[in-house]
Amino acid sequence: MDQMIDEPLERLRAAARRTRELALTRAGTGLGHQDADDDVGTIGTDDALGFDPFPLLEALHHNGVRAVVIGQVAGIMHGSTELTGDLDLLWDGVPAHAPALAAAFASVNAQLIDEKGDPVATHPESLLRPKVQFTSPGASGDCCTPALPWGDLRVRKFLDHAATAVDPGGLEVHYASRKDLIRMRRAIGRPKDLRRADELDSFASDRRGRRPTANSAEDLQRV
């Protein structure tokens with residue numbers, strides 16, 4: 001019988017491990033997360049190679065950063081069975097909080113890229129843009145603030161709605177609520193977003209049914 005995975009961080013560890021295993025068996029694509037297919041997602045890019053979001057998540061925790069995980073990593077923490085190769089973050093964009101965020105990125109040797117695709121210094125002021133991309137040895141993705149256009153969504157409130165997962169070692173990871181994540185997915189509207197929103201939406205009516213297992217990501221991952 002498959003071992004049940006009950007905790008969000010255990011689900012994420014299992015999914016990240018499976019992502020790394022899958023990426024090792026294929027040739028490089030030359031694509032990064034910004035080149036991801038709108039249907040397949042970043043699991044089909046080179047960002048899946050060595051994917052491990054935990055060094056950055058631990059750095060955020062140790063530096064006291066209140067950053068909320070969004071995107072498919074948050075989806076996995078809620079039980080989504082699709083794999084991903086990137087880590088997306090939302091923070092409040094308050095200048096006083098930028099130094100701690102910059103310190104967290106610097107501690108994992110992350111490099112920042114602006115909206116034009118140009119590298120920028122890993123300094124607090126660089127993070128005050130509505131969005132920067134980051135790359136690090138374990139995880140790449142987008143780091144966004146509520147100043148980024150989100151259509152009709154008031155995403156600043158999503159920061160207050162975030163759930164928090166805590167592992168036995170004390171690591172705390174904040175991640176978007178299921179309802180808010182569904183709203184973000186539907187607002188973006190790409191095929192992968194609508195598919196994943198439907199999956200998350202189905203959990204509400206299936207809570208008393210089968211829970212995701214350690215092998216579910218393997219069974220339903222889309223490569």
# chains A, B, ... in the order shown; residues from 1 in each chain; ligands from 1

$ residues_around --residues "Asp160 in chain A" --least-positions-apart "2" --cutoff "12 Å" --atoms "only C-alpha atoms" --output "PyMOL selection string"
chain A and resi 66-68+90-92+154-158+162-164+174-177+180

$ write_last_selection --atoms "all heavy atoms" --output "compact mmCIF listing (two decimals), in the first residue's frame"
# COMPACT_ATOMS: atom_id res chain seq x y z
N ARG A 66 8.77 37.34 5.28
CA ARG A 66 7.37 36.92 5.11
C ARG A 66 7.05 36.90 3.62
O ARG A 66 6.40 37.79 3.07
CB ARG A 66 6.44 37.88 5.86
CG ARG A 66 4.95 37.60 5.65
CD ARG A 66 4.47 36.40 6.40
NE ARG A 66 3.05 36.13 6.13
CZ ARG A 66 2.30 35.29 6.82
NH1 ARG A 66 2.83 34.64 7.85
NH2 ARG A 66 1.04 35.10 6.51
N ALA A 67 7.56 35.89 2.93
CA ALA A 67 7.26 35.69 1.52
C ALA A 67 6.32 34.51 1.40
O ALA A 67 6.47 33.51 2.10
CB ALA A 67 8.54 35.44 0.73
N VAL A 68 5.35 34.63 0.52
CA VAL A 68 4.32 33.60 0.36
C VAL A 68 4.58 32.84 -0.94
O VAL A 68 4.73 33.45 -2.01
CB VAL A 68 2.92 34.23 0.35
CG1 VAL A 68 1.85 33.20 -0.01
CG2 VAL A 68 2.63 34.85 1.72
N LEU A 90 5.53 35.64 -3.56
CA LEU A 90 4.84 36.92 -3.44
C LEU A 90 5.19 37.51 -2.08
O LEU A 90 5.09 36.83 -1.06
CB LEU A 90 3.32 36.71 -3.54
CG LEU A 90 2.43 37.94 -3.31
CD1 LEU A 90 2.59 38.93 -4.45
CD2 LEU A 90 0.96 37.51 -3.18
N TRP A 91 5.64 38.78 -2.08
CA TRP A 91 5.91 39.46 -0.81
C TRP A 91 5.28 40.85 -0.87
O TRP A 91 4.78 41.26 -1.91
CB TRP A 91 7.40 39.52 -0.52
CG TRP A 91 8.20 40.43 -1.41
CD1 TRP A 91 8.41 40.29 -2.75
CD2 TRP A 91 8.88 41.63 -1.02
NE1 TRP A 91 9.17 41.32 -3.23
CE2 TRP A 91 9.48 42.16 -2.18
CE3 TRP A 91 9.04 42.29 0.18
CZ2 TRP A 91 10.24 43.34 -2.17
CZ3 TRP A 91 9.81 43.47 0.20
CH2 TRP A 91 10.39 43.97 -0.95
N ASP A 92 5.29 41.56 0.24
CA ASP A 92 4.49 42.79 0.31
C ASP A 92 5.11 43.99 -0.40
O ASP A 92 4.44 45.00 -0.60
CB ASP A 92 4.15 43.14 1.76
CG ASP A 92 5.38 43.38 2.63
OD1 ASP A 92 6.50 43.57 2.09
OD2 ASP A 92 5.22 43.36 3.88
N ARG A 154 -7.13 41.48 -5.74
CA ARG A 154 -6.44 42.28 -4.72
C ARG A 154 -5.50 41.36 -3.97
O ARG A 154 -5.80 40.87 -2.87
CB ARG A 154 -7.47 42.92 -3.79
CG ARG A 154 -8.41 43.88 -4.50
CD ARG A 154 -9.41 44.50 -3.54
NE ARG A 154 -10.30 45.43 -4.21
CZ ARG A 154 -11.25 46.13 -3.61
NH1 ARG A 154 -11.45 45.96 -2.30
NH2 ARG A 154 -12.02 46.95 -4.29
N VAL A 155 -4.35 41.13 -4.57
CA VAL A 155 -3.47 40.08 -4.06
C VAL A 155 -2.80 40.46 -2.74
O VAL A 155 -2.29 39.58 -2.04
CB VAL A 155 -2.39 39.67 -5.09
CG1 VAL A 155 -3.04 39.11 -6.35
CG2 VAL A 155 -1.49 40.85 -5.44
N ARG A 156 -2.80 41.74 -2.39
CA ARG A 156 -2.23 42.10 -1.09
C ARG A 156 -2.96 41.35 0.03
O ARG A 156 -2.35 40.95 1.02
CB ARG A 156 -2.29 43.61 -0.87
CG ARG A 156 -1.57 44.07 0.40
CD ARG A 156 -1.48 45.58 0.46
NE ARG A 156 -0.69 46.12 -0.61
CZ ARG A 156 0.64 46.21 -0.59
NH1 ARG A 156 1.30 45.78 0.48
NH2 ARG A 156 1.31 46.73 -1.59
N LYS A 157 -4.25 41.16 -0.13
CA LYS A 157 -5.02 40.42 0.87
C LYS A 157 -4.62 38.94 0.91
O LYS A 157 -4.78 38.27 1.93
CB LYS A 157 -6.51 40.55 0.61
CG LYS A 157 -7.06 41.96 0.82
CD LYS A 157 -8.56 41.98 0.65
CE LYS A 157 -9.12 43.38 0.94
NZ LYS A 157 -10.61 43.41 0.80
N PHE A 158 -4.10 38.45 -0.21
CA PHE A 158 -3.69 37.05 -0.25
C PHE A 158 -2.54 36.77 0.71
O PHE A 158 -2.39 35.66 1.20
CB PHE A 158 -3.27 36.65 -1.67
CG PHE A 158 -4.39 36.64 -2.67
CD1 PHE A 158 -5.67 37.05 -2.33
CD2 PHE A 158 -4.16 36.22 -3.97
CE1 PHE A 158 -6.70 37.05 -3.26
CE2 PHE A 158 -5.17 36.20 -4.91
CZ PHE A 158 -6.44 36.63 -4.56
N ALA A 162 -2.63 33.66 3.72
CA ALA A 162 -1.72 32.54 3.48
C ALA A 162 -1.74 31.53 4.62
O ALA A 162 -1.88 31.88 5.80
CB ALA A 162 -0.30 33.05 3.27
N ALA A 163 -1.57 30.27 4.24
CA ALA A 163 -1.40 29.18 5.22
C ALA A 163 0.08 29.07 5.57
O ALA A 163 0.95 29.59 4.86
CB ALA A 163 -1.91 27.87 4.63
N THR A 164 0.36 28.39 6.67
CA THR A 164 1.75 28.18 7.10
C THR A 164 1.96 26.71 7.41
O THR A 164 1.19 26.12 8.17
CB THR A 164 2.09 29.02 8.34
OG1 THR A 164 1.90 30.41 8.05
CG2 THR A 164 3.55 28.80 8.76
N HIS A 174 5.26 29.79 4.26
CA HIS A 174 3.96 30.40 4.03
C HIS A 174 3.57 30.15 2.57
O HIS A 174 4.40 30.32 1.67
CB HIS A 174 4.01 31.89 4.32
CG HIS A 174 4.63 32.23 5.64
ND1 HIS A 174 4.03 31.92 6.84
CD2 HIS A 174 5.82 32.81 5.94
CE1 HIS A 174 4.82 32.31 7.83
NE2 HIS A 174 5.91 32.85 7.31
N TYR A 175 2.33 29.77 2.33
CA TYR A 175 1.90 29.49 0.97
C TYR A 175 0.45 29.92 0.78
O TYR A 175 -0.34 29.93 1.72
CB TYR A 175 2.09 28.01 0.62
CG TYR A 175 1.34 27.01 1.47
CD1 TYR A 175 0.26 26.30 0.95
CD2 TYR A 175 1.70 26.75 2.79
CE1 TYR A 175 -0.44 25.37 1.72
CE2 TYR A 175 1.02 25.82 3.57
CZ TYR A 175 -0.05 25.14 3.02
OH TYR A 175 -0.73 24.21 3.78
N ALA A 176 0.13 30.29 -0.47
CA ALA A 176 -1.19 30.84 -0.77
C ALA A 176 -2.29 29.86 -0.40
O ALA A 176 -2.14 28.64 -0.55
CB ALA A 176 -1.27 31.18 -2.26
N SER A 177 -3.39 30.39 0.09
CA SER A 177 -4.55 29.53 0.39
C SER A 177 -5.06 28.89 -0.89
O SER A 177 -4.84 29.40 -2.00
CB SER A 177 -5.66 30.34 1.05
OG SER A 177 -6.32 31.16 0.09
N ASP A 180 -7.37 31.26 -2.84
CA ASP A 180 -6.65 32.34 -3.51
C ASP A 180 -5.82 31.83 -4.68
O ASP A 180 -5.71 32.49 -5.72
CB ASP A 180 -5.76 33.08 -2.52
CG ASP A 180 -6.55 33.93 -1.54
OD1 ASP A 180 -7.73 34.24 -1.84
OD2 ASP A 180 -6.01 34.28 -0.48

$ residues_around --residues "range 7-16 of chain A" --least-positions-apart "5" --cutoff "7 Å" --atoms "only C-alpha atoms" --output "PyMOL selection string"
chain A and resi 51-52+76-78+83+165+167+214+217

$ select_by_dssp --residues "range 28-217 of chain A" --states "strand (DSSP E or B)" --output "short mmCIF file (atom, residue, chain, number, x, y, z; two decimals) with all heavy atoms, in the first residue's frame"
data_model
loop_
_atom_site.label_atom_id
_atom_site.label_comp_id
_atom_site.auth_asym_id
_atom_site.auth_seq_id
_atom_site.Cartn_x
_atom_site.Cartn_y
_atom_site.Cartn_z
N ASP A 37 6.39 26.10 -21.56
CA ASP A 37 5.20 25.90 -22.37
C ASP A 37 3.95 26.19 -21.54
O ASP A 37 3.89 25.85 -20.36
CB ASP A 37 5.19 24.44 -22.87
CG ASP A 37 4.01 24.15 -23.77
OD1 ASP A 37 2.95 23.78 -23.23
OD2 ASP A 37 4.15 24.29 -24.99
N GLY A 41 4.33 23.43 -18.72
CA GLY A 41 4.91 24.10 -17.56
C GLY A 41 6.40 23.87 -17.43
O GLY A 41 7.05 23.29 -18.31
N VAL A 68 5.35 34.63 0.52
CA VAL A 68 4.32 33.60 0.36
C VAL A 68 4.58 32.84 -0.94
O VAL A 68 4.73 33.45 -2.01
CB VAL A 68 2.92 34.23 0.35
CG1 VAL A 68 1.85 33.20 -0.01
CG2 VAL A 68 2.63 34.85 1.72
N VAL A 69 4.63 31.54 -0.86
CA VAL A 69 4.80 30.70 -2.04
C VAL A 69 3.51 30.69 -2.84
O VAL A 69 2.42 30.47 -2.27
CB VAL A 69 5.19 29.26 -1.63
CG1 VAL A 69 5.24 28.36 -2.86
CG2 VAL A 69 6.53 29.26 -0.90
N ILE A 70 3.61 30.95 -4.13
CA ILE A 70 2.47 30.89 -5.03
C ILE A 70 2.81 29.90 -6.15
O ILE A 70 3.78 29.17 -6.06
CB ILE A 70 2.10 32.28 -5.58
CG1 ILE A 70 3.29 32.92 -6.30
CG2 ILE A 70 1.62 33.19 -4.45
CD1 ILE A 70 2.98 34.27 -6.96
N ASP A 88 7.75 30.20 -7.27
CA ASP A 88 7.29 31.58 -7.38
C ASP A 88 6.90 32.12 -6.01
O ASP A 88 6.29 31.40 -5.20
CB ASP A 88 6.09 31.67 -8.33
CG ASP A 88 6.47 31.34 -9.77
OD1 ASP A 88 7.62 31.63 -10.16
OD2 ASP A 88 5.63 30.77 -10.49
N LEU A 89 7.23 33.39 -5.79
CA LEU A 89 7.04 34.01 -4.47
C LEU A 89 6.29 35.33 -4.60
O LEU A 89 6.41 36.04 -5.59
CB LEU A 89 8.40 34.28 -3.82
CG LEU A 89 9.33 33.09 -3.61
CD1 LEU A 89 10.72 33.57 -3.20
CD2 LEU A 89 8.75 32.14 -2.57
N LEU A 90 5.53 35.64 -3.56
CA LEU A 90 4.84 36.92 -3.44
C LEU A 90 5.19 37.51 -2.08
O LEU A 90 5.09 36.83 -1.06
CB LEU A 90 3.32 36.71 -3.54
CG LEU A 90 2.43 37.94 -3.31
CD1 LEU A 90 2.59 38.93 -4.45
CD2 LEU A 90 0.96 37.51 -3.18
N GLN A 111 20.85 34.87 -8.40
CA GLN A 111 21.06 36.01 -9.28
C GLN A 111 19.69 36.55 -9.68
O GLN A 111 18.76 35.77 -9.94
CB GLN A 111 21.86 35.60 -10.52
CG GLN A 111 23.26 35.12 -10.20
CD GLN A 111 24.06 34.74 -11.43
OE1 GLN A 111 23.48 34.51 -12.51
NE2 GLN A 111 25.36 34.66 -11.30
N LEU A 112 19.59 37.89 -9.74
CA LEU A 112 18.32 38.53 -10.07
C LEU A 112 18.35 39.05 -11.50
O LEU A 112 19.39 39.50 -11.99
CB LEU A 112 18.04 39.68 -9.10
CG LEU A 112 18.03 39.34 -7.60
CD1 LEU A 112 17.66 40.58 -6.79
CD2 LEU A 112 17.07 38.20 -7.31
N ILE A 113 17.18 39.02 -12.13
CA ILE A 113 17.02 39.46 -13.51
C ILE A 113 15.81 40.38 -13.58
O ILE A 113 14.74 40.03 -13.03
CB ILE A 113 16.84 38.26 -14.45
CG1 ILE A 113 18.02 37.30 -14.31
CG2 ILE A 113 16.69 38.71 -15.90
CD1 ILE A 113 17.79 35.95 -14.96
N PRO A 119 20.59 41.23 -15.93
CA PRO A 119 20.96 40.96 -14.53
C PRO A 119 20.98 42.25 -13.72
O PRO A 119 21.36 43.31 -14.21
CB PRO A 119 22.36 40.34 -14.63
CG PRO A 119 22.67 40.17 -16.06
CD PRO A 119 21.68 40.93 -16.86
N VAL A 120 20.55 42.16 -12.48
CA VAL A 120 20.63 43.28 -11.54
C VAL A 120 21.27 42.78 -10.26
O VAL A 120 21.25 41.59 -9.96
CB VAL A 120 19.24 43.89 -11.26
CG1 VAL A 120 18.67 44.55 -12.51
CG2 VAL A 120 18.27 42.84 -10.73
N LYS A 131 8.18 42.89 -10.23
CA LYS A 131 8.59 41.49 -10.35
C LYS A 131 10.05 41.42 -10.76
O LYS A 131 10.50 42.19 -11.62
CB LYS A 131 7.74 40.75 -11.40
CG LYS A 131 8.09 39.29 -11.55
CD LYS A 131 7.23 38.58 -12.60
CE LYS A 131 7.71 38.84 -14.00
NZ LYS A 131 7.00 37.99 -14.99
N VAL A 132 10.78 40.52 -10.15
CA VAL A 132 12.10 40.14 -10.63
C VAL A 132 12.13 38.63 -10.78
O VAL A 132 11.43 37.90 -10.07
CB VAL A 132 13.24 40.59 -9.67
CG1 VAL A 132 13.34 42.10 -9.61
CG2 VAL A 132 13.06 39.99 -8.29
N GLN A 133 12.92 38.17 -11.73
CA GLN A 133 13.19 36.75 -11.85
C GLN A 133 14.45 36.44 -11.06
O GLN A 133 15.33 37.30 -10.92
CB GLN A 133 13.36 36.34 -13.31
CG GLN A 133 12.13 36.56 -14.15
CD GLN A 133 12.36 36.21 -15.61
OE1 GLN A 133 13.44 35.76 -16.00
NE2 GLN A 133 11.35 36.41 -16.42
N PHE A 134 14.53 35.24 -10.54
CA PHE A 134 15.74 34.84 -9.84
C PHE A 134 16.15 33.45 -10.30
O PHE A 134 15.33 32.62 -10.69
CB PHE A 134 15.54 34.86 -8.31
CG PHE A 134 14.52 33.88 -7.81
CD1 PHE A 134 14.88 32.58 -7.46
CD2 PHE A 134 13.19 34.25 -7.67
CE1 PHE A 134 13.94 31.68 -6.99
CE2 PHE A 134 12.24 33.35 -7.20
CZ PHE A 134 12.62 32.06 -6.87
N THR A 135 17.44 33.22 -10.25
CA THR A 135 17.97 31.89 -10.50
C THR A 135 18.92 31.56 -9.37
O THR A 135 19.67 32.41 -8.89
CB THR A 135 18.74 31.81 -11.84
OG1 THR A 135 19.86 32.71 -11.81
CG2 THR A 135 17.83 32.18 -13.00
N GLY A 141 12.70 31.19 -10.43
CA GLY A 141 11.30 31.57 -10.49
C GLY A 141 11.11 33.06 -10.50
O GLY A 141 12.03 33.83 -10.81
N ASP A 142 9.89 33.49 -10.16
CA ASP A 142 9.53 34.90 -10.11
C ASP A 142 9.31 35.31 -8.66
O ASP A 142 8.73 34.56 -7.87
CB ASP A 142 8.24 35.16 -10.89
CG ASP A 142 8.39 34.86 -12.37
OD1 ASP A 142 9.51 35.01 -12.90
OD2 ASP A 142 7.39 34.47 -13.00
N CYS A 143 9.76 36.52 -8.34
CA CYS A 143 9.51 37.11 -7.02
C CYS A 143 8.68 38.37 -7.26
O CYS A 143 9.18 39.34 -7.83
CB CYS A 143 10.83 37.42 -6.32
SG CYS A 143 10.63 38.04 -4.64
N CYS A 144 7.43 38.34 -6.85
CA CYS A 144 6.46 39.37 -7.21
C CYS A 144 6.00 40.17 -5.99
O CYS A 144 6.08 39.70 -4.85
CB CYS A 144 5.23 38.73 -7.85
SG CYS A 144 5.59 37.58 -9.19
N ALA A 163 -1.57 30.27 4.24
CA ALA A 163 -1.40 29.18 5.22
C ALA A 163 0.08 29.07 5.57
O ALA A 163 0.95 29.59 4.86
CB ALA A 163 -1.91 27.87 4.63
N THR A 164 0.36 28.39 6.67
CA THR A 164 1.75 28.18 7.10
C THR A 164 1.96 26.71 7.41
O THR A 164 1.19 26.12 8.17
CB THR A 164 2.09 29.02 8.34
OG1 THR A 164 1.90 30.41 8.05
CG2 THR A 164 3.55 28.80 8.76
N ALA A 165 2.99 26.14 6.79
CA ALA A 165 3.38 24.76 7.07
C ALA A 165 4.66 24.79 7.90
O ALA A 165 5.55 25.59 7.65
CB ALA A 165 3.62 23.99 5.77
N VAL A 166 4.74 23.91 8.89
CA VAL A 166 5.89 23.85 9.79
C VAL A 166 6.38 22.41 9.84
O VAL A 166 5.59 21.49 10.08
CB VAL A 166 5.53 24.33 11.20
CG1 VAL A 166 6.77 24.33 12.09
CG2 VAL A 166 4.91 25.72 11.17
N GLU A 172 9.37 27.13 8.73
CA GLU A 172 8.03 27.63 8.42
C GLU A 172 7.99 28.11 6.98
O GLU A 172 8.85 28.87 6.54
CB GLU A 172 7.66 28.79 9.35
CG GLU A 172 7.49 28.40 10.81
CD GLU A 172 6.95 29.54 11.66
OE1 GLU A 172 6.66 30.61 11.08
OE2 GLU A 172 6.85 29.36 12.87
N VAL A 173 7.00 27.64 6.25
CA VAL A 173 6.81 28.05 4.86
C VAL A 173 5.39 28.56 4.72
O VAL A 173 4.42 27.85 5.02
CB VAL A 173 7.05 26.87 3.89
CG1 VAL A 173 6.76 27.31 2.45
CG2 VAL A 173 8.49 26.36 4.02
N HIS A 174 5.26 29.79 4.26
CA HIS A 174 3.96 30.40 4.03
C HIS A 174 3.57 30.15 2.57
O HIS A 174 4.40 30.32 1.67
CB HIS A 174 4.01 31.89 4.32
CG HIS A 174 4.63 32.23 5.64
ND1 HIS A 174 4.03 31.92 6.84
CD2 HIS A 174 5.82 32.81 5.94
CE1 HIS A 174 4.82 32.31 7.83
NE2 HIS A 174 5.91 32.85 7.31
N TYR A 175 2.33 29.77 2.33
CA TYR A 175 1.90 29.49 0.97
C TYR A 175 0.45 29.92 0.78
O TYR A 175 -0.34 29.93 1.72
CB TYR A 175 2.09 28.01 0.62
CG TYR A 175 1.34 27.01 1.47
CD1 TYR A 175 0.26 26.30 0.95
CD2 TYR A 175 1.70 26.75 2.79
CE1 TYR A 175 -0.44 25.37 1.72
CE2 TYR A 175 1.02 25.82 3.57
CZ TYR A 175 -0.05 25.14 3.02
OH TYR A 175 -0.73 24.21 3.78
N THR A 213 -0.97 10.52 -2.63
CA THR A 213 0.02 9.63 -2.05
C THR A 213 1.39 9.99 -2.55
O THR A 213 1.57 10.82 -3.44
CB THR A 213 -0.27 8.17 -2.42
OG1 THR A 213 -0.07 8.01 -3.83
CG2 THR A 213 -1.70 7.78 -2.07
#

$ residues_around --residues "Pro137 in chain A" --least-positions-apart "6" --cutoff "8 Å" --atoms "only C-alpha atoms" --output "tab-separated table (two decimals) with N, CA, C and O atoms, in the first residue's frame"
chain	number	residue	atom	x	y	z
A	50	GLY	N	17.92	19.27	-11.02
A	50	GLY	CA	18.37	19.59	-9.67
A	50	GLY	C	17.41	20.42	-8.86
A	50	GLY	O	17.80	21.06	-7.87
A	108	VAL	N	21.90	32.05	-0.86
A	108	VAL	CA	21.84	30.85	-1.71
A	108	VAL	C	22.43	31.13	-3.09
A	108	VAL	O	22.19	30.39	-4.04
A	109	ASN	N	23.20	32.23	-3.18
A	109	ASN	CA	23.87	32.59	-4.43
A	109	ASN	C	22.90	32.79	-5.59
A	109	ASN	O	23.17	32.40	-6.73
A	110	ALA	N	21.77	33.39	-5.27
A	110	ALA	CA	20.78	33.67	-6.32
A	110	ALA	C	21.22	34.88	-7.14
A	110	ALA	O	21.86	35.81	-6.63

$ select_by_dssp --residues "range 13-211 of chain A" --states "helix (DSSP H, G or I)" --output "ChimeraX atom specification"
/A:13-24,33-35,42-44,46-48,54-62,71-77,95-107,124-128,156-161,178-188,191-205

$ atom_distance --atom1 "CA of Thr145 in chain A" --atom2 "CA of Leu127 in chain A"
9.0 Å

$ residues_around --residues "Asp39 in chain A" --least-positions-apart "6" --cutoff "12 Å" --atoms "only C-alpha atoms" --output "list in words"
Glu82, Thr84, Gly189, Arg190, Pro191, Lys192, Asp193, Leu194, Arg195, Arg196, Arg222 and Val223 of chain A

$ atom_distance --atom1 "CA of Phe105 in chain A" --atom2 "CA of Val65 in chain A"
10.6 Å

$ closest_residue --among "A:Ala98, A:Leu159, A:Ala139, A:Ile188" --to "Val73 in chain A" --atoms "only C-alpha atoms"
A:Ala139

$ closest_residue --among "A:Asp38, A:Glu125, A:Glu115, A:Asp46" --to "Arg26 in chain A" --atoms "only C-alpha atoms"
A:Asp46
